[in-house]
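Q: Mind looking over this structure? Questions follow.
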Amino acid sequence: MPKKVDVEETRLRIAKAAGKAIAAKGISAVTMIDIANAAGVTTGMITHYFEGKADIIGAALRVPFLNIERKIARLLKKGERDLATLLDVSIPASKIHADDSAIWVNFWGVIAADAEYRKLNHTLHLEGRKIYDHVIRAAWPESEQWSPEVFETVLRSVITFIFGLGAGGVTNRAVWTSSVQRSQLRLHLSLIRGWAEQNTHIRAKAN
């Protein structure tokens with residue numbers, strides 16, 4: 001009896017291989033053959049599961065989000081509530097996280113000149129926001145008392161800083177070492193948390 005093929009599992013396996021190929025060659029240079037070779041499949045099999053190169057790249061870019069979401073969920077389940085520790089899985093402080101960040105840094109280099117990639121970037125950004133929204137609220141329960149404007153500012157600031165660390169850690173590892181990334185992340189979180197609390201206190205007094 002032929003083995004039943006799990007479509008999502010196969011797509012994920014190809015997407016992970018595509019990510020490695022992208023990190024190694026760059027989005028502009030990587031070809032369907034490169035991705036097929038990395039996945040150990042034929043190009044025909046890839047086109048069976050994906051509509052084209054943009055579809056594969058989108059799937060590859062979602063893999064880091066999936067990794068981050070799963071690791072954060074495991075940490076939260078164990079009772080971890082220190083936001084810097086939870087977000088450590090989002091920065092390229094370790095080799096496995098650096099590989100994930102490299103995929104995104106490659107992508108950022110091509111979106112300015114490609115409308116399809118810009119649209120994809122917007123969609124993925126909205127998906128990623130949900131992860132960081134959830135982890136901030138879980139780690140900082142006082143955020144439930146913040147106004148929507150304050151929380152939105154904190155969320156954007158955290159995401160922007162993580163993206164910056166990702167770019168620095170991938171492109172200039174000599175300066176953005178693991179220890180520097182972690183210390184800067186902890187400092188930024190402390191500052192933005194303090195700002196949010198101060199802003200909330202000022203608003204409460206004004207009302």
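Residues are referred to by chain and number: the chain letter is A, B, ... according to the order shown in the structure tokens, the number counts from 1 in that chain, and ligands are numbered separately from 1 in the order shown.
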Kindly provide the residues of region 52-97 of chain A that approach region 137-152 of chain A to within 8 Å, each paired with its closest atom pair and their distance in Å to one decimal, based on only C-alpha atoms, listed by chain and increasing number, as CSV.
A:
residue,atom,partner,partner_atom,distance
A:Arg81,CA,A:Ala139,CA,4.6
A:Asp82,CA,A:Ala139,CA,6.1
A:Leu83,CA,A:Ala139,CA,5.5
Q: Using only C-alpha atoms, which residues sit within 8 Å of region 168-181 of chain A once same-chain residues fewer than 4 positions away are excluded, as JSON, numbers by chain?
A: {"A": [91, 92, 93, 94, 98, 101, 102, 105, 164, 185]}
Q: What is the distance, in Å and to one decimal place, between CA of Gln184 (chain A) and CA of Val89 (chain A)?
A: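 Interatomic distance here is 14.6 Å.
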Q: Identify, on the basis of only C-alpha atoms, every residue whose closest approach to Val63 (chain A) does not exceed 8 Å; exclude the query and any residue fewer than 2 positions from it along the same chain; express the result as a list in words.
A: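 Counting only C-alpha atoms, the residues come to Leu12, Ala15, Lys16, Gly19, Ala59, Ala60, Leu61, Phe65, Leu66, Asn67 and Asp100 of chain A.
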Q: If we count only C-alpha atoms, what is near Ser28 (chain A) at a cut-off of 10 Å, once residues fewer than 6 positions away on the same chain are taken out, given as a list in words?
A: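 In the requested form, the answer reads Ile22, Asn106, Phe107, Gly109 and Val110 of chain A.
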Q: Extract, using only C-alpha atoms, all DNA, RNA and protein residues at most 8 Å from region 29-42 of chain A, discarding same-chain residues fewer than 5 positions from it, and format them as a ChimeraX atom specification.
A: /A:13-14,17-18,20-22,53
Q: What would the file look like if the residues just selected were written as an mmCIF file, in the first residue's frame with all heavy atoms?
A:
data_model
loop_
_atom_site.group_PDB
_atom_site.id
_atom_site.type_symbol
_atom_site.label_atom_id
_atom_site.label_comp_id
_atom_site.auth_asym_id
_atom_site.auth_seq_id
_atom_site.Cartn_x
_atom_site.Cartn_y
_atom_site.Cartn_z
ATOM 1 N N ARG A 13 8.926 20.790 4.701
ATOM 2 C CA ARG A 13 10.275 20.264 4.453
ATOM 3 C C ARG A 13 10.946 21.007 3.303
ATOM 4 O O ARG A 13 12.121 21.376 3.378
ATOM 5 C CB ARG A 13 10.193 18.764 4.146
ATOM 6 C CG ARG A 13 11.540 18.103 3.875
ATOM 7 C CD ARG A 13 11.417 16.592 3.906
ATOM 8 N NE ARG A 13 10.549 16.087 2.864
ATOM 9 C CZ ARG A 13 10.962 15.823 1.613
ATOM 10 N NH1 ARG A 13 12.220 16.045 1.262
ATOM 11 N NH2 ARG A 13 10.116 15.335 0.726
ATOM 12 N N ILE A 14 10.189 21.264 2.251
ATOM 13 C CA ILE A 14 10.742 22.003 1.107
ATOM 14 C C ILE A 14 11.014 23.457 1.501
ATOM 15 O O ILE A 14 12.032 24.033 1.110
ATOM 16 C CB ILE A 14 9.771 21.940 -0.089
ATOM 17 C CG1 ILE A 14 9.651 20.494 -0.595
ATOM 18 C CG2 ILE A 14 10.242 22.851 -1.225
ATOM 19 C CD1 ILE A 14 8.602 20.293 -1.671
ATOM 20 N N ALA A 17 14.238 23.702 3.409
ATOM 21 C CA ALA A 17 15.371 23.560 2.493
ATOM 22 C C ALA A 17 15.555 24.823 1.672
ATOM 23 O O ALA A 17 16.683 25.274 1.427
ATOM 24 C CB ALA A 17 15.147 22.362 1.566
ATOM 25 N N ALA A 18 14.442 25.439 1.264
ATOM 26 C CA ALA A 18 14.499 26.686 0.510
ATOM 27 C C ALA A 18 15.153 27.772 1.337
ATOM 28 O O ALA A 18 15.942 28.581 0.827
ATOM 29 C CB ALA A 18 13.095 27.108 0.090
ATOM 30 N N LYS A 20 17.425 27.440 3.648
ATOM 31 C CA LYS A 20 18.877 27.220 3.673
ATOM 32 C C LYS A 20 19.528 27.657 2.355
ATOM 33 O O LYS A 20 20.611 28.247 2.346
ATOM 34 C CB LYS A 20 19.170 25.745 3.941
ATOM 35 C CG LYS A 20 18.782 25.293 5.338
ATOM 36 C CD LYS A 20 19.073 23.818 5.539
ATOM 37 C CE LYS A 20 18.669 23.373 6.945
ATOM 38 N NZ LYS A 20 18.931 21.923 7.166
ATOM 39 N N ALA A 21 18.846 27.371 1.244
ATOM 40 C CA ALA A 21 19.375 27.769 -0.063
ATOM 41 C C ALA A 21 19.393 29.289 -0.201
ATOM 42 O O ALA A 21 20.337 29.872 -0.749
ATOM 43 C CB ALA A 21 18.539 27.149 -1.174
ATOM 44 N N ILE A 22 18.338 29.939 0.306
ATOM 45 C CA ILE A 22 18.250 31.404 0.251
ATOM 46 C C ILE A 22 19.346 32.027 1.102
ATOM 47 O O ILE A 22 20.005 32.985 0.688
ATOM 48 C CB ILE A 22 16.866 31.876 0.725
ATOM 49 C CG1 ILE A 22 15.803 31.493 -0.307
ATOM 50 C CG2 ILE A 22 16.848 33.389 0.955
ATOM 51 C CD1 ILE A 22 14.377 31.638 0.204
ATOM 52 N N LYS A 53 8.125 30.667 -7.480
ATOM 53 C CA LYS A 53 9.229 31.041 -6.600
ATOM 54 C C LYS A 53 8.754 31.909 -5.439
ATOM 55 O O LYS A 53 9.181 31.724 -4.292
ATOM 56 C CB LYS A 53 10.306 31.772 -7.402
ATOM 57 C CG LYS A 53 11.565 32.085 -6.589
ATOM 58 C CD LYS A 53 12.635 32.737 -7.456
ATOM 59 C CE LYS A 53 13.846 33.113 -6.621
ATOM 60 N NZ LYS A 53 14.917 33.763 -7.427
#
Q: Interatomic distance between CA of Arg11 (chain A) and CA of Gly44 (chain A)?
A: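 Going from CA of Arg11 (chain A) over to CA of Gly44 (chain A) covers 13.4 Å.
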